[in-house]
Amino acid sequence: MALVEPVIRPPSEADSFLLQVTLGCSSNTCTFCGAYLNKPFQVKPIEEIQENIRQATKFYPQTRRVFLLDGDALVLSNQKLIPVLNILKEAFPMLTRVSSYANGCNITKKTDQELAQLSENKLRLMYIGLESGNQEILDDCCKRSSAEEMAKAVNRLENAGIKSSVIVLLGLGGKAKSEQHVNDTAKILNKMQPRYLSFLSLMLVPGTQLSKEARQGRFKALNCRELLRQAHDIIAGLELKGTIFRCDHASNYLSLQGRFPQDKEYLLNMFDQAVKDNIPLKPEIFRGL
């Protein structure tokens, strides 16, 4: 039942059974991401997946939540995904939710009927890395899905009964494109109206293209105060009607949670106060490594 490392999962899936249905990421082109640099993409055989589930029933028979690894399980066709979901339902009678990372382009390739079929089989939450709402920044980072494509994906998932947890990467545009990052990210999030929203802060990982650009002086990273200000400014532009917000990833300088729209002013005040508190600047380019 051993997982093939490295294993990346959202903080909110800490208590979920982690099931690898693919290894690596089908895209693996993002210049900032070092998660799967040395992990070529492949689909795991159904026999191996079945055996992992069988073993899990011995140790975790009361499993209620399952998270499908690795980078984007929705690259699989429904013909391959539905049997896995059916096995999970049979193996875990108390199962309430299956979730996964997903690229926007893999969602939009599926028909409305296929998305509804996944929802009916308890695939109820998708984590989508928007990163930025600015298309130029996404192109610079070689993001496979466009901002508009990801907005369409979130809306279609919602119509199919699948919730979305959208991830924004603070600092991704660097100093040069900070304003574009803020303005366009707020705009696209307002289009999406995601059920969940989380902020992460950019960390430049050795071996990635973006890390190389930073070393060469072609990318200027934001310092901690600028990252906090960027979070504040994105939130200021949000007009969300029913979104749960989290900023609790280890990469962040300030841990916060709240709901939109009722907690918007609270969140703005907390980020504003953090900036004013004169937080000591830290070296940003390779912090935490």
# chains A, B, ... in the order shown; residues from 1 in each chain; ligands from 1
$ closest_atom_pairs --of "stretch 164-195 of chain A" --to "stretch 206-220 of chain A" --cutoff "10 Å" --atoms "only C-alpha atoms" --output "tab-separated table"
residue	atom	partner	partner_atom	distance
A:Gly171	CA	A:Lys220	CA	9.5
A:Leu172	CA	A:Leu210	CA	9.6
A:Gly173	CA	A:Phe219	CA	8.6
A:Gly174	CA	A:Lys220	CA	5.3
A:Lys175	CA	A:Lys220	CA	5.6
A:Ala176	CA	A:Lys220	CA	7.4
A:Lys177	CA	A:Lys220	CA	9.9
$ write_last_selection --atoms "all heavy atoms" --output "short mmCIF file (atom, residue, chain, number, x, y, z; two decimals), in the first residue's frame"
data_model
loop_
_atom_site.label_atom_id
_atom_site.label_comp_id
_atom_site.auth_asym_id
_atom_site.auth_seq_id
_atom_site.Cartn_x
_atom_site.Cartn_y
_atom_site.Cartn_z
N GLY A 171 2.31 36.28 -5.46
CA GLY A 171 3.68 36.56 -5.87
C GLY A 171 4.08 35.99 -7.21
O GLY A 171 5.20 36.20 -7.65
N LEU A 172 3.15 35.29 -7.88
CA LEU A 172 3.54 34.59 -9.11
C LEU A 172 4.00 35.54 -10.21
O LEU A 172 4.89 35.19 -10.98
CB LEU A 172 2.39 33.72 -9.61
CG LEU A 172 2.72 32.82 -10.80
CD1 LEU A 172 3.86 31.87 -10.44
CD2 LEU A 172 1.50 32.02 -11.24
N GLY A 173 3.43 36.72 -10.30
CA GLY A 173 3.85 37.65 -11.35
C GLY A 173 5.13 38.40 -11.02
O GLY A 173 5.60 39.18 -11.85
N GLY A 174 5.67 38.17 -9.83
CA GLY A 174 6.86 38.91 -9.41
C GLY A 174 6.54 40.38 -9.21
O GLY A 174 5.38 40.80 -9.22
N LYS A 175 7.56 41.17 -9.02
CA LYS A 175 7.37 42.60 -8.82
C LYS A 175 6.86 43.27 -10.09
O LYS A 175 6.06 44.21 -10.04
CB LYS A 175 8.68 43.25 -8.36
CG LYS A 175 9.16 42.81 -6.98
CD LYS A 175 10.44 43.53 -6.60
CE LYS A 175 11.00 43.03 -5.28
NZ LYS A 175 10.17 43.42 -4.11
N ALA A 176 7.31 42.80 -11.25
CA ALA A 176 6.98 43.47 -12.51
C ALA A 176 5.50 43.40 -12.85
O ALA A 176 4.95 44.33 -13.45
CB ALA A 176 7.80 42.86 -13.65
N LYS A 177 4.83 42.31 -12.47
CA LYS A 177 3.43 42.13 -12.87
C LYS A 177 2.50 41.96 -11.67
O LYS A 177 1.45 41.33 -11.78
CB LYS A 177 3.31 40.94 -13.82
CG LYS A 177 4.10 41.15 -15.12
CD LYS A 177 4.03 39.96 -16.03
CE LYS A 177 4.86 40.22 -17.30
NZ LYS A 177 4.88 39.04 -18.20
#
$ residues_around --residues "A:Tyr253" --least-positions-apart "2" --cutoff "9 Å" --atoms "only C-alpha atoms" --output "JSON, numbers by chain"
{"A": [201, 224, 225, 227, 228, 248, 249, 250, 251, 255]}
$ atom_distance --atom1 "atom CA of A:Gln262" --atom2 "atom CA of A:Glu239"
10.9 Å
$ atom_distance --atom1 "atom CA of A:Asn159" --atom2 "atom CA of A:Ala116"
8.4 Å
$ closest_residue --among "A:Ala160, A:Leu68, A:Leu170, A:Leu125" --to "A:Gln113" --atoms "only C-alpha atoms"
A:Ala160
$ select_by_dssp --residues "stretch 13-215 of chain A" --states "helix (DSSP H, G or I)" --output "PDB file with N, CA and C atoms, in the first residue's frame"
ATOM      1  N   GLU A  13      -6.978  17.758   3.228  1.00  0.00           N
ATOM      2  CA  GLU A  13      -7.127  16.320   2.995  1.00  0.00           C
ATOM      3  C   GLU A  13      -6.230  15.497   3.922  1.00  0.00           C
ATOM      4  N   ILE A  46      -5.257  -0.880 -13.004  1.00  0.00           N
ATOM      5  CA  ILE A  46      -6.441  -1.030 -12.164  1.00  0.00           C
ATOM      6  C   ILE A  46      -6.234  -2.122 -11.123  1.00  0.00           C
ATOM      7  N   GLU A  47      -5.465  -3.158 -11.469  1.00  0.00           N
ATOM      8  CA  GLU A  47      -5.215  -4.249 -10.512  1.00  0.00           C
ATOM      9  C   GLU A  47      -4.440  -3.736  -9.293  1.00  0.00           C
ATOM     10  N   GLU A  48      -3.485  -2.852  -9.531  1.00  0.00           N
ATOM     11  CA  GLU A  48      -2.707  -2.282  -8.433  1.00  0.00           C
ATOM     12  C   GLU A  48      -3.565  -1.358  -7.573  1.00  0.00           C
ATOM     13  N   ILE A  49      -4.432  -0.590  -8.226  1.00  0.00           N
ATOM     14  CA  ILE A  49      -5.337   0.303  -7.495  1.00  0.00           C
ATOM     15  C   ILE A  49      -6.282  -0.522  -6.624  1.00  0.00           C
ATOM     16  N   GLN A  50      -6.813  -1.600  -7.185  1.00  0.00           N
ATOM     17  CA  GLN A  50      -7.714  -2.476  -6.433  1.00  0.00           C
ATOM     18  C   GLN A  50      -7.023  -3.061  -5.210  1.00  0.00           C
ATOM     19  N   GLU A  51      -5.784  -3.480  -5.381  1.00  0.00           N
ATOM     20  CA  GLU A  51      -5.042  -4.073  -4.265  1.00  0.00           C
ATOM     21  C   GLU A  51      -4.780  -3.041  -3.176  1.00  0.00           C
ATOM     22  N   ASN A  52      -4.475  -1.809  -3.566  1.00  0.00           N
ATOM     23  CA  ASN A  52      -4.263  -0.754  -2.575  1.00  0.00           C
ATOM     24  C   ASN A  52      -5.531  -0.478  -1.775  1.00  0.00           C
ATOM     25  N   ILE A  53      -6.663  -0.491  -2.460  1.00  0.00           N
ATOM     26  CA  ILE A  53      -7.939  -0.279  -1.768  1.00  0.00           C
ATOM     27  C   ILE A  53      -8.230  -1.450  -0.831  1.00  0.00           C
ATOM     28  N   ARG A  54      -7.980  -2.666  -1.304  1.00  0.00           N
ATOM     29  CA  ARG A  54      -8.232  -3.863  -0.483  1.00  0.00           C
ATOM     30  C   ARG A  54      -7.414  -3.814   0.801  1.00  0.00           C
ATOM     31  N   GLN A  55      -6.155  -3.434   0.692  1.00  0.00           N
ATOM     32  CA  GLN A  55      -5.309  -3.349   1.872  1.00  0.00           C
ATOM     33  C   GLN A  55      -5.783  -2.249   2.813  1.00  0.00           C
ATOM     34  N   ALA A  56      -6.259  -1.145   2.237  1.00  0.00           N
ATOM     35  CA  ALA A  56      -6.714  -0.023   3.051  1.00  0.00           C
ATOM     36  C   ALA A  56      -7.931  -0.395   3.890  1.00  0.00           C
ATOM     37  N   THR A  57      -8.770  -1.292   3.369  1.00  0.00           N
ATOM     38  CA  THR A  57      -9.962  -1.685   4.118  1.00  0.00           C
ATOM     39  C   THR A  57      -9.594  -2.394   5.435  1.00  0.00           C
ATOM     40  N   LYS A  58      -8.418  -3.000   5.485  1.00  0.00           N
ATOM     41  CA  LYS A  58      -7.981  -3.681   6.706  1.00  0.00           C
ATOM     42  C   LYS A  58      -7.631  -2.683   7.801  1.00  0.00           C
ATOM     43  N   PHE A  59      -7.022  -1.560   7.403  1.00  0.00           N
ATOM     44  CA  PHE A  59      -6.526  -0.586   8.377  1.00  0.00           C
ATOM     45  C   PHE A  59      -7.472   0.594   8.583  1.00  0.00           C
ATOM     46  N   ALA A  73      -6.062  13.526 -11.458  1.00  0.00           N
ATOM     47  CA  ALA A  73      -6.729  12.254 -11.758  1.00  0.00           C
ATOM     48  C   ALA A  73      -7.759  12.385 -12.869  1.00  0.00           C
ATOM     49  N   LEU A  74      -8.283  13.590 -13.077  1.00  0.00           N
ATOM     50  CA  LEU A  74      -9.317  13.760 -14.100  1.00  0.00           C
ATOM     51  C   LEU A  74      -8.783  13.692 -15.523  1.00  0.00           C
ATOM     52  N   VAL A  75      -7.483  13.487 -15.691  1.00  0.00           N
ATOM     53  CA  VAL A  75      -6.956  13.207 -17.020  1.00  0.00           C
ATOM     54  C   VAL A  75      -7.473  11.843 -17.494  1.00  0.00           C
ATOM     55  N   ASN A  78     -13.752   8.684 -18.050  1.00  0.00           N
ATOM     56  CA  ASN A  78     -14.755   8.117 -17.142  1.00  0.00           C
ATOM     57  C   ASN A  78     -14.760   6.601 -17.193  1.00  0.00           C
ATOM     58  N   GLN A  79     -14.397   6.065 -18.329  1.00  0.00           N
ATOM     59  CA  GLN A  79     -14.350   4.613 -18.467  1.00  0.00           C
ATOM     60  C   GLN A  79     -13.358   3.995 -17.485  1.00  0.00           C
ATOM     61  N   LYS A  80     -12.308   4.756 -17.126  1.00  0.00           N
ATOM     62  CA  LYS A  80     -11.314   4.272 -16.165  1.00  0.00           C
ATOM     63  C   LYS A  80     -11.603   4.758 -14.748  1.00  0.00           C
ATOM     64  N   LEU A  81     -12.202   5.956 -14.633  1.00  0.00           N
ATOM     65  CA  LEU A  81     -12.438   6.530 -13.307  1.00  0.00           C
ATOM     66  C   LEU A  81     -13.635   5.914 -12.596  1.00  0.00           C
ATOM     67  N   ILE A  82     -14.721   5.707 -13.312  1.00  0.00           N
ATOM     68  CA  ILE A  82     -15.944   5.206 -12.687  1.00  0.00           C
ATOM     69  C   ILE A  82     -15.728   3.853 -12.007  1.00  0.00           C
ATOM     70  N   PRO A  83     -15.029   2.886 -12.633  1.00  0.00           N
ATOM     71  CA  PRO A  83     -14.776   1.622 -11.926  1.00  0.00           C
ATOM     72  C   PRO A  83     -14.025   1.814 -10.608  1.00  0.00           C
ATOM     73  N   VAL A  84     -13.064   2.759 -10.576  1.00  0.00           N
ATOM     74  CA  VAL A  84     -12.333   3.039  -9.335  1.00  0.00           C
ATOM     75  C   VAL A  84     -13.285   3.575  -8.276  1.00  0.00           C
ATOM     76  N   LEU A  85     -14.158   4.503  -8.667  1.00  0.00           N
ATOM     77  CA  LEU A  85     -15.116   5.075  -7.727  1.00  0.00           C
ATOM     78  C   LEU A  85     -16.092   4.012  -7.209  1.00  0.00           C
ATOM     79  N   ASN A  86     -16.483   3.097  -8.078  1.00  0.00           N
ATOM     80  CA  ASN A  86     -17.386   2.022  -7.655  1.00  0.00           C
ATOM     81  C   ASN A  86     -16.712   1.084  -6.656  1.00  0.00           C
ATOM     82  N   ILE A  87     -15.444   0.790  -6.886  1.00  0.00           N
ATOM     83  CA  ILE A  87     -14.697  -0.061  -5.955  1.00  0.00           C
ATOM     84  C   ILE A  87     -14.586   0.622  -4.596  1.00  0.00           C
ATOM     85  N   LEU A  88     -14.343   1.933  -4.608  1.00  0.00           N
ATOM     86  CA  LEU A  88     -14.237   2.687  -3.354  1.00  0.00           C
ATOM     87  C   LEU A  88     -15.561   2.661  -2.585  1.00  0.00           C
ATOM     88  N   LYS A  89     -16.675   2.828  -3.283  1.00  0.00           N
ATOM     89  CA  LYS A  89     -17.981   2.824  -2.622  1.00  0.00           C
ATOM     90  C   LYS A  89     -18.267   1.469  -1.976  1.00  0.00           C
ATOM     91  N   GLU A  90     -17.881   0.403  -2.662  1.00  0.00           N
ATOM     92  CA  GLU A  90     -18.107  -0.938  -2.120  1.00  0.00           C
ATOM     93  C   GLU A  90     -17.182  -1.226  -0.948  1.00  0.00           C
ATOM     94  N   ALA A  91     -15.946  -0.727  -1.041  1.00  0.00           N
ATOM     95  CA  ALA A  91     -14.950  -1.012  -0.003  1.00  0.00           C
ATOM     96  C   ALA A  91     -15.196  -0.229   1.276  1.00  0.00           C
ATOM     97  N   GLY A 104      -7.767  22.506 -15.436  1.00  0.00           N
ATOM     98  CA  GLY A 104      -8.980  23.015 -16.059  1.00  0.00           C
ATOM     99  C   GLY A 104      -9.271  22.367 -17.398  1.00  0.00           C
ATOM    100  N   CYS A 105      -8.215  22.150 -18.188  1.00  0.00           N
ATOM    101  CA  CYS A 105      -8.417  21.590 -19.527  1.00  0.00           C
ATOM    102  C   CYS A 105      -8.943  20.160 -19.475  1.00  0.00           C
ATOM    103  N   ASN A 106      -8.598  19.412 -18.432  1.00  0.00           N
ATOM    104  CA  ASN A 106      -9.110  18.048 -18.319  1.00  0.00           C
ATOM    105  C   ASN A 106     -10.575  18.029 -17.908  1.00  0.00           C
ATOM    106  N   ILE A 107     -11.001  19.069 -17.196  1.00  0.00           N
ATOM    107  CA  ILE A 107     -12.411  19.183 -16.823  1.00  0.00           C
ATOM    108  C   ILE A 107     -13.254  19.563 -18.030  1.00  0.00           C
ATOM    109  N   THR A 108     -12.796  20.571 -18.775  1.00  0.00           N
ATOM    110  CA  THR A 108     -13.602  21.065 -19.905  1.00  0.00           C
ATOM    111  C   THR A 108     -13.674  20.058 -21.052  1.00  0.00           C
ATOM    112  N   ASP A 112     -20.988  17.449 -20.000  1.00  0.00           N
ATOM    113  CA  ASP A 112     -21.797  17.685 -18.802  1.00  0.00           C
ATOM    114  C   ASP A 112     -22.296  16.368 -18.223  1.00  0.00           C
ATOM    115  N   GLN A 113     -22.653  15.442 -19.083  1.00  0.00           N
ATOM    116  CA  GLN A 113     -23.133  14.137 -18.630  1.00  0.00           C
ATOM    117  C   GLN A 113     -22.028  13.375 -17.899  1.00  0.00           C
ATOM    118  N   GLU A 114     -20.801  13.441 -18.411  1.00  0.00           N
ATOM    119  CA  GLU A 114     -19.684  12.753 -17.764  1.00  0.00           C
ATOM    120  C   GLU A 114     -19.375  13.350 -16.401  1.00  0.00           C
ATOM    121  N   LEU A 115     -19.436  14.678 -16.286  1.00  0.00           N
ATOM    122  CA  LEU A 115     -19.202  15.328 -14.995  1.00  0.00           C
ATOM    123  C   LEU A 115     -20.292  14.946 -14.000  1.00  0.00           C
ATOM    124  N   ALA A 116     -21.541  14.906 -14.461  1.00  0.00           N
ATOM    125  CA  ALA A 116     -22.647  14.521 -13.591  1.00  0.00           C
ATOM    126  C   ALA A 116     -22.487  13.075 -13.133  1.00  0.00           C
ATOM    127  N   GLN A 117     -21.987  12.242 -14.008  1.00  0.00           N
ATOM    128  CA  GLN A 117     -21.766  10.830 -13.664  1.00  0.00           C
ATOM    129  C   GLN A 117     -20.717  10.697 -12.566  1.00  0.00           C
ATOM    130  N   LEU A 118     -19.672  11.514 -12.628  1.00  0.00           N
ATOM    131  CA  LEU A 118     -18.644  11.497 -11.590  1.00  0.00           C
ATOM    132  C   LEU A 118     -19.236  11.943 -10.251  1.00  0.00           C
ATOM    133  N   SER A 119     -20.047  12.994 -10.294  1.00  0.00           N
ATOM    134  CA  SER A 119     -20.682  13.484  -9.077  1.00  0.00           C
ATOM    135  C   SER A 119     -21.589  12.421  -8.454  1.00  0.00           C
ATOM    136  N   GLU A 120     -22.335  11.739  -9.287  1.00  0.00           N
ATOM    137  CA  GLU A 120     -23.236  10.695  -8.803  1.00  0.00           C
ATOM    138  C   GLU A 120     -22.472   9.558  -8.132  1.00  0.00           C
ATOM    139  N   GLN A 135      -3.613  36.235 -17.895  1.00  0.00           N
ATOM    140  CA  GLN A 135      -3.205  35.247 -18.889  1.00  0.00           C
ATOM    141  C   GLN A 135      -1.730  35.369 -19.254  1.00  0.00           C
ATOM    142  N   GLU A 136      -1.204  36.577 -19.264  1.00  0.00           N
ATOM    143  CA  GLU A 136       0.211  36.759 -19.594  1.00  0.00           C
ATOM    144  C   GLU A 136       1.100  36.074 -18.568  1.00  0.00           C
ATOM    145  N   ILE A 137       0.736  36.189 -17.294  1.00  0.00           N
ATOM    146  CA  ILE A 137       1.497  35.516 -16.243  1.00  0.00           C
ATOM    147  C   ILE A 137       1.403  34.003 -16.401  1.00  0.00           C
ATOM    148  N   LEU A 138       0.211  33.493 -16.694  1.00  0.00           N
ATOM    149  CA  LEU A 138       0.038  32.052 -16.901  1.00  0.00           C
ATOM    150  C   LEU A 138       0.853  31.566 -18.096  1.00  0.00           C
ATOM    151  N   ASP A 139       0.887  32.362 -19.159  1.00  0.00           N
ATOM    152  CA  ASP A 139       1.684  31.999 -20.332  1.00  0.00           C
ATOM    153  C   ASP A 139       3.174  31.997 -19.994  1.00  0.00           C
ATOM    154  N   ASP A 140       3.613  32.997 -19.241  1.00  0.00           N
ATOM    155  CA  ASP A 140       5.011  33.056 -18.818  1.00  0.00           C
ATOM    156  C   ASP A 140       5.405  31.808 -18.043  1.00  0.00           C
ATOM    157  N   ALA A 147      -6.887  31.064 -18.083  1.00  0.00           N
ATOM    158  CA  ALA A 147      -7.722  31.578 -17.002  1.00  0.00           C
ATOM    159  C   ALA A 147      -9.205  31.401 -17.328  1.00  0.00           C
ATOM    160  N   GLU A 148      -9.595  31.709 -18.548  1.00  0.00           N
ATOM    161  CA  GLU A 148     -10.997  31.569 -18.939  1.00  0.00           C
ATOM    162  C   GLU A 148     -11.438  30.108 -18.944  1.00  0.00           C
ATOM    163  N   GLU A 149     -10.530  29.238 -19.343  1.00  0.00           N
ATOM    164  CA  GLU A 149     -10.832  27.808 -19.351  1.00  0.00           C
ATOM    165  C   GLU A 149     -11.075  27.311 -17.929  1.00  0.00           C
ATOM    166  N   MET A 150     -10.273  27.796 -16.985  1.00  0.00           N
ATOM    167  CA  MET A 150     -10.448  27.388 -15.593  1.00  0.00           C
ATOM    168  C   MET A 150     -11.740  27.949 -15.015  1.00  0.00           C
ATOM    169  N   ALA A 151     -12.109  29.170 -15.402  1.00  0.00           N
ATOM    170  CA  ALA A 151     -13.381  29.732 -14.953  1.00  0.00           C
ATOM    171  C   ALA A 151     -14.550  28.895 -15.479  1.00  0.00           C
ATOM    172  N   LYS A 152     -14.469  28.510 -16.738  1.00  0.00           N
ATOM    173  CA  LYS A 152     -15.505  27.662 -17.333  1.00  0.00           C
ATOM    174  C   LYS A 152     -15.573  26.315 -16.621  1.00  0.00           C
ATOM    175  N   ALA A 153     -14.399  25.769 -16.277  1.00  0.00           N
ATOM    176  CA  ALA A 153     -14.355  24.473 -15.600  1.00  0.00           C
ATOM    177  C   ALA A 153     -15.050  24.538 -14.246  1.00  0.00           C
ATOM    178  N   VAL A 154     -14.787  25.588 -13.483  1.00  0.00           N
ATOM    179  CA  VAL A 154     -15.404  25.735 -12.155  1.00  0.00           C
ATOM    180  C   VAL A 154     -16.931  25.849 -12.279  1.00  0.00           C
ATOM    181  N   ASN A 155     -17.397  26.621 -13.234  1.00  0.00           N
ATOM    182  CA  ASN A 155     -18.837  26.797 -13.416  1.00  0.00           C
ATOM    183  C   ASN A 155     -19.519  25.507 -13.853  1.00  0.00           C
ATOM    184  N   ARG A 156     -18.846  24.754 -14.716  1.00  0.00           N
ATOM    185  CA  ARG A 156     -19.437  23.491 -15.172  1.00  0.00           C
ATOM    186  C   ARG A 156     -19.438  22.447 -14.054  1.00  0.00           C
ATOM    187  N   LEU A 157     -18.402  22.434 -13.235  1.00  0.00           N
ATOM    188  CA  LEU A 157     -18.384  21.528 -12.089  1.00  0.00           C
ATOM    189  C   LEU A 157     -19.532  21.835 -11.140  1.00  0.00           C
ATOM    190  N   GLU A 158     -19.734  23.115 -10.857  1.00  0.00           N
ATOM    191  CA  GLU A 158     -20.807  23.528  -9.951  1.00  0.00           C
ATOM    192  C   GLU A 158     -22.160  23.057 -10.487  1.00  0.00           C
ATOM    193  N   ASN A 159     -22.366  23.196 -11.783  1.00  0.00           N
ATOM    194  CA  ASN A 159     -23.630  22.761 -12.391  1.00  0.00           C
ATOM    195  C   ASN A 159     -23.817  21.254 -12.292  1.00  0.00           C
ATOM    196  N   SER A 178       2.874  42.568 -10.564  1.00  0.00           N
ATOM    197  CA  SER A 178       2.078  42.416  -9.347  1.00  0.00           C
ATOM    198  C   SER A 178       0.678  43.006  -9.507  1.00  0.00           C
ATOM    199  N   GLU A 179       0.585  44.182 -10.098  1.00  0.00           N
ATOM    200  CA  GLU A 179      -0.714  44.831 -10.251  1.00  0.00           C
ATOM    201  C   GLU A 179      -1.633  44.039 -11.167  1.00  0.00           C
ATOM    202  N   GLN A 180      -1.082  43.530 -12.274  1.00  0.00           N
ATOM    203  CA  GLN A 180      -1.885  42.714 -13.188  1.00  0.00           C
ATOM    204  C   GLN A 180      -2.376  41.443 -12.492  1.00  0.00           C
ATOM    205  N   HIS A 181      -1.491  40.862 -11.694  1.00  0.00           N
ATOM    206  CA  HIS A 181      -1.836  39.646 -10.958  1.00  0.00           C
ATOM    207  C   HIS A 181      -3.015  39.909 -10.031  1.00  0.00           C
ATOM    208  N   VAL A 182      -2.964  40.996  -9.298  1.00  0.00           N
ATOM    209  CA  VAL A 182      -4.022  41.340  -8.352  1.00  0.00           C
ATOM    210  C   VAL A 182      -5.348  41.586  -9.073  1.00  0.00           C
ATOM    211  N   ASN A 183      -5.339  42.470 -10.046  1.00  0.00           N
ATOM    212  CA  ASN A 183      -6.579  42.889 -10.696  1.00  0.00           C
ATOM    213  C   ASN A 183      -7.264  41.751 -11.440  1.00  0.00           C
ATOM    214  N   ASP A 184      -6.498  41.020 -12.230  1.00  0.00           N
ATOM    215  CA  ASP A 184      -7.105  39.967 -13.054  1.00  0.00           C
ATOM    216  C   ASP A 184      -7.484  38.735 -12.233  1.00  0.00           C
ATOM    217  N   THR A 185      -6.753  38.480 -11.157  1.00  0.00           N
ATOM    218  CA  THR A 185      -7.109  37.348 -10.302  1.00  0.00           C
ATOM    219  C   THR A 185      -8.437  37.608  -9.612  1.00  0.00           C
ATOM    220  N   ALA A 186      -8.640  38.816  -9.118  1.00  0.00           N
ATOM    221  CA  ALA A 186      -9.922  39.149  -8.490  1.00  0.00           C
ATOM    222  C   ALA A 186     -11.060  39.019  -9.500  1.00  0.00           C
ATOM    223  N   LYS A 187     -10.838  39.486 -10.726  1.00  0.00           N
ATOM    224  CA  LYS A 187     -11.883  39.434 -11.752  1.00  0.00           C
ATOM    225  C   LYS A 187     -12.286  37.995 -12.071  1.00  0.00           C
ATOM    226  N   ILE A 188     -11.307  37.125 -12.246  1.00  0.00           N
ATOM    227  CA  ILE A 188     -11.637  35.754 -12.655  1.00  0.00           C
ATOM    228  C   ILE A 188     -12.272  34.988 -11.497  1.00  0.00           C
ATOM    229  N   LEU A 189     -11.853  35.287 -10.262  1.00  0.00           N
ATOM    230  CA  LEU A 189     -12.475  34.643  -9.106  1.00  0.00           C
ATOM    231  C   LEU A 189     -13.939  35.056  -8.977  1.00  0.00           C
ATOM    232  N   ASN A 190     -14.235  36.298  -9.297  1.00  0.00           N
ATOM    233  CA  ASN A 190     -15.624  36.759  -9.269  1.00  0.00           C
ATOM    234  C   ASN A 190     -16.467  36.032 -10.319  1.00  0.00           C
ATOM    235  N   LYS A 191     -15.840  35.684 -11.441  1.00  0.00           N
ATOM    236  CA  LYS A 191     -16.530  34.885 -12.464  1.00  0.00           C
ATOM    237  C   LYS A 191     -16.772  33.464 -11.969  1.00  0.00           C
ATOM    238  N   MET A 192     -15.780  32.930 -11.274  1.00  0.00           N
ATOM    239  CA  MET A 192     -15.851  31.541 -10.827  1.00  0.00           C
ATOM    240  C   MET A 192     -16.861  31.329  -9.699  1.00  0.00           C
ATOM    241  N   GLN A 209      12.356  26.144 -13.523  1.00  0.00           N
ATOM    242  CA  GLN A 209      12.721  27.211 -14.448  1.00  0.00           C
ATOM    243  C   GLN A 209      12.596  28.583 -13.786  1.00  0.00           C
ATOM    244  N   LEU A 210      11.588  28.767 -12.951  1.00  0.00           N
ATOM    245  CA  LEU A 210      11.400  30.060 -12.307  1.00  0.00           C
ATOM    246  C   LEU A 210      12.519  30.353 -11.315  1.00  0.00           C
ATOM    247  N   SER A 211      13.000  29.336 -10.645  1.00  0.00           N
ATOM    248  CA  SER A 211      14.144  29.500  -9.747  1.00  0.00           C
ATOM    249  C   SER A 211      15.382  29.951 -10.522  1.00  0.00           C
ATOM    250  N   LYS A 212      15.566  29.369 -11.691  1.00  0.00           N
ATOM    251  CA  LYS A 212      16.684  29.759 -12.554  1.00  0.00           C
ATOM    252  C   LYS A 212      16.559  31.215 -12.982  1.00  0.00           C
ATOM    253  N   GLU A 213      15.345  31.625 -13.357  1.00  0.00           N
ATOM    254  CA  GLU A 213      15.121  33.009 -13.768  1.00  0.00           C
ATOM    255  C   GLU A 213      15.404  33.976 -12.624  1.00  0.00           C
ATOM    256  N   ALA A 214      15.060  33.571 -11.402  1.00  0.00           N
ATOM    257  CA  ALA A 214      15.334  34.420 -10.237  1.00  0.00           C
ATOM    258  C   ALA A 214      16.837  34.554 -10.008  1.00  0.00           C
ATOM    259  N   ARG A 215      17.560  33.473 -10.153  1.00  0.00           N
ATOM    260  CA  ARG A 215      19.018  33.517  -9.977  1.00  0.00           C
ATOM    261  C   ARG A 215      19.668  34.425 -11.015  1.00  0.00           C
TER     262      ARG A 215
END
$ residues_around --residues "A:Asn269" --least-positions-apart "6" --cutoff "12 Å" --atoms "only C-alpha atoms" --output "list in words"
Leu228, Arg229, Ala231, His232, Asp233, Ile235, Ala236, Leu256, Asp263, Val275, Lys276 and Asp277 of chain A
$ residues_around --residues "A:Phe245" --least-positions-apart "4" --cutoff "6 Å" --atoms "only C-alpha atoms" --output "compact mmCIF listing (two decimals) with N, CA, C and O atoms, in the first residue's frame"
# COMPACT_ATOMS: atom_id res chain seq x y z
N TYR A 196 -14.72 27.07 -2.43
CA TYR A 196 -13.58 27.26 -1.54
C TYR A 196 -12.50 28.05 -2.28
O TYR A 196 -12.34 27.91 -3.50
N LEU A 197 -11.75 28.84 -1.52
CA LEU A 197 -10.65 29.62 -2.09
C LEU A 197 -9.48 29.59 -1.12
O LEU A 197 -9.66 29.80 0.09
N SER A 198 -8.29 29.33 -1.63
CA SER A 198 -7.12 29.35 -0.76
C SER A 198 -5.97 30.11 -1.42
O SER A 198 -5.84 30.12 -2.64
N GLN A 257 -8.69 32.34 8.18
CA GLN A 257 -9.83 31.69 7.57
C GLN A 257 -11.04 32.61 7.67
O GLN A 257 -11.11 33.45 8.57
N GLY A 258 -11.96 32.46 6.77
CA GLY A 258 -13.17 33.28 6.82
C GLY A 258 -14.14 32.88 5.74
O GLY A 258 -13.88 31.97 4.95
N ARG A 259 -15.26 33.58 5.71
CA ARG A 259 -16.29 33.34 4.70
C ARG A 259 -16.63 34.64 3.99
O ARG A 259 -16.64 35.71 4.60
$ atom_distance --atom1 "atom CA of A:Gln42" --atom2 "atom CA of A:Ser26"
7.9 Å
$ closest_residue --among "A:Ile234, A:Ser99, A:Asp72, A:Ala2" --to "A:Phe271" --atoms "only C-alpha atoms"
A:Ile234
$ closest_residue --among "A:Phe67, A:Cys33, A:Ile167, A:Val205" --to "A:Cys142" --atoms "only C-alpha atoms"
A:Cys33
$ select_by_dssp --residues "stretch 103-225 of chain A" --states "strand (DSSP E or B)" --output "list of chain:residue names"
A:Leu123, A:Arg124, A:Leu125, A:Met126, A:Tyr127, A:Ile128, A:Gly129, A:Leu130, A:Glu131, A:Lys163, A:Ser164, A:Ser165, A:Val166, A:Ile167, A:Val168, A:Leu169, A:Leu170, A:Tyr196, A:Leu197, A:Ser198, A:Phe199, A:Leu200, A:Ser201
$ closest_residue --among "A:Leu69, A:Val168, A:Val4, A:Ile244" --to "A:Gln193" --atoms "only C-alpha atoms"
A:Ile244
